[in-house]
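The next block holds one structure in the form of structure tokens; read it before the comments.
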Amino acid sequence: MNQRSRLMTRVLCSCFAALLLVLASAAPAWAQYALPPLPYPAEALEPAIDATTMTIHHDRHHAAYVANLNGQIKANPQLAKLSLDDLQGQISRFPLAVRNNGGGHWNHTQFWAVMAPAGEGGAPSPELLAAIEASFGSLETMQTRFSQAAAARFGSGWAWLIRTEDGGLAVTSTANQDNPLMDLPEIERGTPLLGLDVWEHAYYLNYQNRRPDYITAWWDLVNWNEVNRRYAAAAA
Ligand code: MN
């Protein structure tokens, strides 16, 4: 490459960088919510959840909830003043598209966080275990009730372990992308500690109609360290 073409290359690169800057600053101010990266490689949860399912679930499904939620900000400008957490508790003020996509963003953000590669998720803390035993009798009973709630959810939705306002723990289930933080009459409300996605997009490639097998395999992926952290924060 001669000196002149090197110079041309540098000029072109500078122009391209300037163009990128202009484009970035011209992005709409309401593009506020962001897709968090997976906290582990897509294949890290195999064999319980395969890499293709994880990639499609995160890069397409979760990304679509974020994009659609951002698309609602212009029509619902009060959204721009709310954190994703705070939005859940005021969801009744908003149209269904905000409920579906705002719930979808919150639910999936917690879903990636409460999973870890098998063997790396730790165990329930003494405090969490005591609370589970007080409310359910044993960890196994809680897991059985949770798995039943996940299997029995008709159509698409989530199963949850929550801390209720009285300080006890409960297992509940929500439809679609609803969650226990939402101020809706059909919701059993509480602070989610652990939520499992039972939409078919979460398991169908590997398990087809065998949702119970997905639920059983999923318990090996629970990131108890994160569940412990959520319980401690909720109980504080
Ligand atoms: Mn999902």
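Going by the structure tokens order, chains are called A, B, ..., each with residues numbered from 1, while ligands are numbered from 1 in the order shown.
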
Could you list, as a ChimeraX atom specification, all the residues within 6 Å of ligand 1, counting only C-alpha atoms and all ligand atoms?
/A:197,199,202

Counting only C-alpha atoms, which residues in region 41-138 of chain A sit no more than 12 Å from region 211-215 of chain A? For each one, give the nearest pair of atoms and the distance in Å, sorted by chain then residue number, as a Markdown table.
| residue | atom | partner | partner_atom | distance |
| --- | --- | --- | --- | --- |
| A:Glu46 | CA | A:Tyr214 | CA | 11.9 |
| A:Pro47 | CA | A:Tyr214 | CA | 10.6 |
| A:Ala48 | CA | A:Tyr214 | CA | 7.2 |
| A:Ile49 | CA | A:Tyr214 | CA | 8.1 |
| A:Asp50 | CA | A:Tyr214 | CA | 11.1 |

If you count only C-alpha atoms, which residues fall within 8 Å of region 155-170 of chain A, apart from same-chain ones fewer than 4 positions away, as a PyMOL selection string?
chain A and resi 131-132+134-135+146-147+149-150+174-180+189-200+231+234-235

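You can rank A:Gly89, A:Pro117, A:Gly104, A:Gly137 by their closest distance to His57 (chain A) using only C-alpha atoms, and at the top of that list sits A:Gly104.
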
Considering only C-alpha atoms, give me a table of residues in region 100-190 of chain A that are at most 10 Å from region 74-84 of chain A, with the closest atom pair and distance in Å for each, as a tab-separated table.
residue	atom	partner	partner_atom	distance
A:Gly102	CA	A:Leu84	CA	7.3
A:Gly103	CA	A:Leu84	CA	8.8
A:His105	CA	A:Leu84	CA	8.1
A:Trp106	CA	A:Leu84	CA	6.6

Print the selection's residues with C-alpha atoms to a file, as a PDB file, in the first residue's frame.
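Here's the written file again_35.pdb:
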ATOM      1  CA  GLY A 102     -42.290  -5.087  30.152  1.00  0.00           C
ATOM      2  CA  GLY A 103     -43.101  -8.342  31.907  1.00  0.00           C
ATOM      3  CA  HIS A 105     -38.097  -8.123  29.791  1.00  0.00           C
ATOM      4  CA  TRP A 106     -38.232  -8.377  33.600  1.00  0.00           C
TER       5      TRP A 106
END

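Minimum atom-to-atom distance to Trp219 (chain A), evaluated using only C-alpha atoms, belongs to A:Gln143 out of A:Thr172, A:Gln110, A:Asn70, A:Gln143.
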